[in-house]
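Below is the file start-v6.pdb, which contains PDB, C-alpha atoms.
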ATOM      1  CA  MET A   1     -20.630   3.062  10.792
ATOM      2  CA  PRO A   2     -17.280   4.082   9.304
ATOM      3  CA  VAL A   3     -14.512   5.486  11.470
ATOM      4  CA  SER A   4     -14.246   9.250  11.274
ATOM      5  CA  MET A   5     -10.693  10.461  10.735
ATOM      6  CA  SER A   6      -9.090  13.570   9.304
ATOM      7  CA  ASP A   7      -7.106  13.324   6.086
ATOM      8  CA  GLU A   8      -4.030  14.467   7.993
ATOM      9  CA  ARG A   9      -4.345  11.691  10.587
ATOM     10  CA  PHE A  10      -4.825   9.079   7.862
ATOM     11  CA  GLU A  11      -1.713  10.364   6.051
ATOM     12  CA  GLU A  12       0.184  10.093   9.328
ATOM     13  CA  LEU A  13      -0.875   6.447   9.645
ATOM     14  CA  VAL A  14       0.338   5.712   6.112
ATOM     15  CA  GLY A  15       3.670   7.335   7.000
ATOM     16  CA  ASP A  16       3.849   5.274  10.193
ATOM     17  CA  ALA A  17       3.179   2.109   8.170
ATOM     18  CA  LEU A  18       5.978   2.999   5.742
ATOM     19  CA  ASP A  19       8.278   3.430   8.753
ATOM     20  CA  LEU A  20       7.612  -0.231   9.641
ATOM     21  CA  ILE A  21       9.539  -1.347   6.563
ATOM     22  CA  PRO A  22      12.994  -2.551   7.608
ATOM     23  CA  PRO A  23      15.753  -0.116   6.556
ATOM     24  CA  GLU A  24      17.453  -2.649   4.269
ATOM     25  CA  LEU A  25      14.193  -3.006   2.305
ATOM     26  CA  SER A  26      13.431   0.722   2.412
ATOM     27  CA  ARG A  27      16.765   1.432   0.757
ATOM     28  CA  ALA A  28      15.818  -0.950  -2.072
ATOM     29  CA  ILE A  29      12.615   0.941  -2.867
ATOM     30  CA  ASP A  30      13.220   3.158  -5.875
ATOM     31  CA  ASN A  31      10.974   5.145  -8.206
ATOM     32  CA  VAL A  32       7.767   4.545  -6.198
ATOM     33  CA  VAL A  33       5.172   7.110  -5.169
ATOM     34  CA  VAL A  34       2.651   6.444  -2.403
ATOM     35  CA  LEU A  35      -0.713   8.103  -2.966
ATOM     36  CA  ILE A  36      -3.839   8.351  -0.853
ATOM     37  CA  GLU A  37      -7.130   8.483  -2.709
ATOM     38  CA  PRO A  38     -10.681   8.387  -1.365
ATOM     39  CA  ARG A  39     -11.760   5.271  -3.274
ATOM     40  CA  SER A  40     -11.064   3.182  -6.376
ATOM     41  CA  ASP A  41     -13.496   3.915  -9.211
ATOM     42  CA  GLU A  42     -13.189   0.353 -10.526
ATOM     43  CA  ASP A  43     -13.578  -1.450  -7.175
ATOM     44  CA  PRO A  44     -15.025   0.654  -4.339
ATOM     45  CA  HIS A  45     -14.028  -1.984  -1.753
ATOM     46  CA  LEU A  46     -10.364  -2.104  -2.796
ATOM     47  CA  LEU A  47      -8.062  -1.044   0.056
ATOM     48  CA  GLY A  48      -4.830  -0.568  -1.859
ATOM     49  CA  LEU A  49      -3.289  -0.991  -5.294
ATOM     50  CA  TYR A  50       0.243  -1.371  -6.600
ATOM     51  CA  HIS A  51       0.682  -0.273 -10.194
ATOM     52  CA  GLY A  52       4.042  -0.573 -11.892
ATOM     53  CA  ILE A  53       6.866  -2.909 -12.722
ATOM     54  CA  ALA A  54       7.830  -5.117  -9.793
ATOM     55  CA  LEU A  55      11.477  -4.973  -8.810
ATOM     56  CA  THR A  56      11.884  -8.627  -9.817
ATOM     57  CA  ASP A  57      10.556  -7.857 -13.329
ATOM     58  CA  ARG A  58      12.614  -4.761 -14.081
ATOM     59  CA  ASP A  59      15.020  -4.926 -16.978
ATOM     60  CA  TYR A  60      17.305  -1.992 -16.290
ATOM     61  CA  SER A  61      18.513  -1.913 -19.875
ATOM     62  CA  HIS A  62      14.966  -0.741 -20.790
ATOM     63  CA  TYR A  63      13.800   0.765 -17.501
ATOM     64  CA  GLY A  64      15.520   4.162 -17.658
ATOM     65  CA  GLY A  65      13.130   7.105 -17.746
ATOM     66  CA  ALA A  66      10.170   5.014 -16.578
ATOM     67  CA  LEU A  67       7.440   6.845 -14.720
ATOM     68  CA  PRO A  68       7.322   6.052 -11.011
ATOM     69  CA  ASP A  69       5.380   3.042  -9.827
ATOM     70  CA  THR A  70       2.431   3.962  -7.637
ATOM     71  CA  ILE A  71       1.027   2.528  -4.473
ATOM     72  CA  THR A  72      -2.436   3.889  -3.827
ATOM     73  CA  ILE A  73      -4.094   3.535  -0.437
ATOM     74  CA  TYR A  74      -7.874   4.017  -0.492
ATOM     75  CA  ARG A  75      -8.859   5.944   2.613
ATOM     76  CA  GLU A  76     -12.674   5.662   2.499
ATOM     77  CA  ALA A  77     -12.644   1.912   1.850
ATOM     78  CA  ILE A  78     -10.385   1.350   4.868
ATOM     79  CA  LEU A  79     -12.370   3.679   7.129
ATOM     80  CA  GLU A  80     -15.629   1.963   6.134
ATOM     81  CA  MET A  81     -14.418  -1.521   7.023
ATOM     82  CA  CYS A  82     -13.030  -0.566  10.434
ATOM     83  CA  HIS A  83     -14.878   0.015  13.708
ATOM     84  CA  SER A  84     -12.178   1.829  15.674
ATOM     85  CA  GLU A  85      -9.052   3.887  15.171
ATOM     86  CA  GLU A  86      -6.996   0.915  16.370
ATOM     87  CA  GLU A  87      -8.451  -1.185  13.535
ATOM     88  CA  VAL A  88      -7.631   1.592  11.057
ATOM     89  CA  VAL A  89      -4.021   1.683  12.280
ATOM     90  CA  GLU A  90      -3.735  -2.084  11.803
ATOM     91  CA  GLU A  91      -5.467  -2.144   8.405
ATOM     92  CA  VAL A  92      -3.393   0.725   7.034
ATOM     93  CA  ALA A  93      -0.207  -1.080   8.088
ATOM     94  CA  ILE A  94      -1.356  -4.360   6.530
ATOM     95  CA  THR A  95      -2.422  -2.638   3.312
ATOM     96  CA  VAL A  96       0.790  -0.623   2.940
ATOM     97  CA  ILE A  97       2.987  -3.680   3.609
ATOM     98  CA  HIS A  98       0.861  -5.748   1.203
ATOM     99  CA  GLU A  99       1.325  -3.243  -1.624
ATOM    100  CA  ILE A 100       5.044  -2.780  -0.917
ATOM    101  CA  ALA A 101       5.373  -6.566  -1.128
ATOM    102  CA  HIS A 102       3.926  -6.427  -4.657
ATOM    103  CA  TYR A 103       6.679  -3.955  -5.543
ATOM    104  CA  PHE A 104       9.179  -6.609  -4.430
ATOM    105  CA  GLY A 105       7.451  -9.187  -6.650
ATOM    106  CA  ILE A 106       5.511 -11.060  -3.980
ATOM    107  CA  ASP A 107       2.107 -12.146  -5.308
ATOM    108  CA  ASP A 108      -1.221 -12.348  -3.466
ATOM    109  CA  GLU A 109      -1.017 -16.112  -2.991
ATOM    110  CA  ARG A 110       2.320 -15.860  -1.192
ATOM    111  CA  LEU A 111       1.109 -12.881   0.856
ATOM    112  CA  HIS A 112      -1.884 -14.920   2.034
ATOM    113  CA  GLN A 113       0.470 -17.759   3.003
ATOM    114  CA  LEU A 114       2.528 -15.277   5.022
ATOM    115  CA  GLY A 115      -0.561 -13.830   6.733
ATOM    116  CA  TRP A 116      -0.544 -10.505   4.863
ATOM    117  CA  GLY A 117      -3.501 -11.253   2.606
TER     118      GLY A 117
END
When written as structure tokens, how does the structure in this file appear?
Amino acid sequence: MPVSMSDERFEELVGDALDLIPPELSRAIDNVVVLIEPRSDEDPHLLGLYHGIALTDRDYSHYGGALPDTITIYREAILEMCHSEEEVVEEVAITVIHEIAHYFGIDDERLHQLGWG
């Protein structure tokens, strides 16, 4: 049975997870929007998705005026896989950090090696 949680509480957890990012990395994050959606239409089990141009791939001579990158956290998918609020807190943090890592150009293979897979 999925964990029941208000949208406001889930948003708070995403904010708390963003606060876990060290200040020196937070300052490097630019032109990124974090969204919370119920579920991915393409993959209903997907927990999060980074969409954009990773910092390591940006060519600033052609980047001006680019739309913001997006990090989407899928609330229902996370709530369905967890059995307690404590698990939700942990999974939200892992998912947010995982997607932020993609922004910094870290791929899934390296994230798995680091324990953030």
Worksheet item: From the list A:Ile100, A:Val88, A:Leu49, A:Met1, which residue is nearest A:Leu25 when using all atoms listed in the file?
Response: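 Closest residue, counting all atoms listed in the file: A:Ile100.
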Fill in: Residues near stretch 3-16 of chain A, cut-off 9 Å, only C-alpha atoms, skip fewer than 4 positions along chain, as a PyMOL selection string
chain A and resi 20+34+36+73+75+78-85+88-89+92-93+96
Item to complete: Step by step, work through what the PyMOL selection byres ((chain A and resi 33) around 8) selects in the shown file, and finish by giving those residues as JSON, numbers by chain.
Response: {"A": [31, 32, 34, 35, 68, 69, 70, 71]}
With the PyMOL selection byres ((chain A and resi 101-112) around 10) as the selection, what would be picked from this file? Answer as a tab-separated table (two decimals) with C-alpha atoms, keeping the file's coordinate frame, please.
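The new file result_5.tsv reads:
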chain	number	residue	atom	x	y	z
A	25	LEU	CA	14.19	-3.01	2.31
A	28	ALA	CA	15.82	-0.95	-2.07
A	29	ILE	CA	12.62	0.94	-2.87
A	30	ASP	CA	13.22	3.16	-5.88
A	32	VAL	CA	7.77	4.54	-6.20
A	49	LEU	CA	-3.29	-0.99	-5.29
A	50	TYR	CA	0.24	-1.37	-6.60
A	51	HIS	CA	0.68	-0.27	-10.19
A	52	GLY	CA	4.04	-0.57	-11.89
A	53	ILE	CA	6.87	-2.91	-12.72
A	54	ALA	CA	7.83	-5.12	-9.79
A	55	LEU	CA	11.48	-4.97	-8.81
A	56	THR	CA	11.88	-8.63	-9.82
A	57	ASP	CA	10.56	-7.86	-13.33
A	69	ASP	CA	5.38	3.04	-9.83
A	70	THR	CA	2.43	3.96	-7.64
A	71	ILE	CA	1.03	2.53	-4.47
A	95	THR	CA	-2.42	-2.64	3.31
A	96	VAL	CA	0.79	-0.62	2.94
A	97	ILE	CA	2.99	-3.68	3.61
A	98	HIS	CA	0.86	-5.75	1.20
A	99	GLU	CA	1.32	-3.24	-1.62
A	100	ILE	CA	5.04	-2.78	-0.92
A	113	GLN	CA	0.47	-17.76	3.00
A	114	LEU	CA	2.53	-15.28	5.02
A	115	GLY	CA	-0.56	-13.83	6.73
A	116	TRP	CA	-0.54	-10.50	4.86
A	117	GLY	CA	-3.50	-11.25	2.61
Worksheet item: Separation of atom CA of A:Glu87 and atom CA of A:Pro23, in Å?
Response: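 That distance, rounded to one decimal, is 25.2 Å.
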Discussion item. For a test of reading the model, state the distance in Å between atom CA of A:Arg39 and atom CA of A:Leu67, rounded to one decimal.
Written reply: 22.4 Å
Worksheet entry | One-decimal distance in Å that lies between atom CA of A:Ala66 and atom CA of A:Leu47 |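 Separation of atom CA of A:Leu47 and atom CA of A:Ala66: 25.4 Å.
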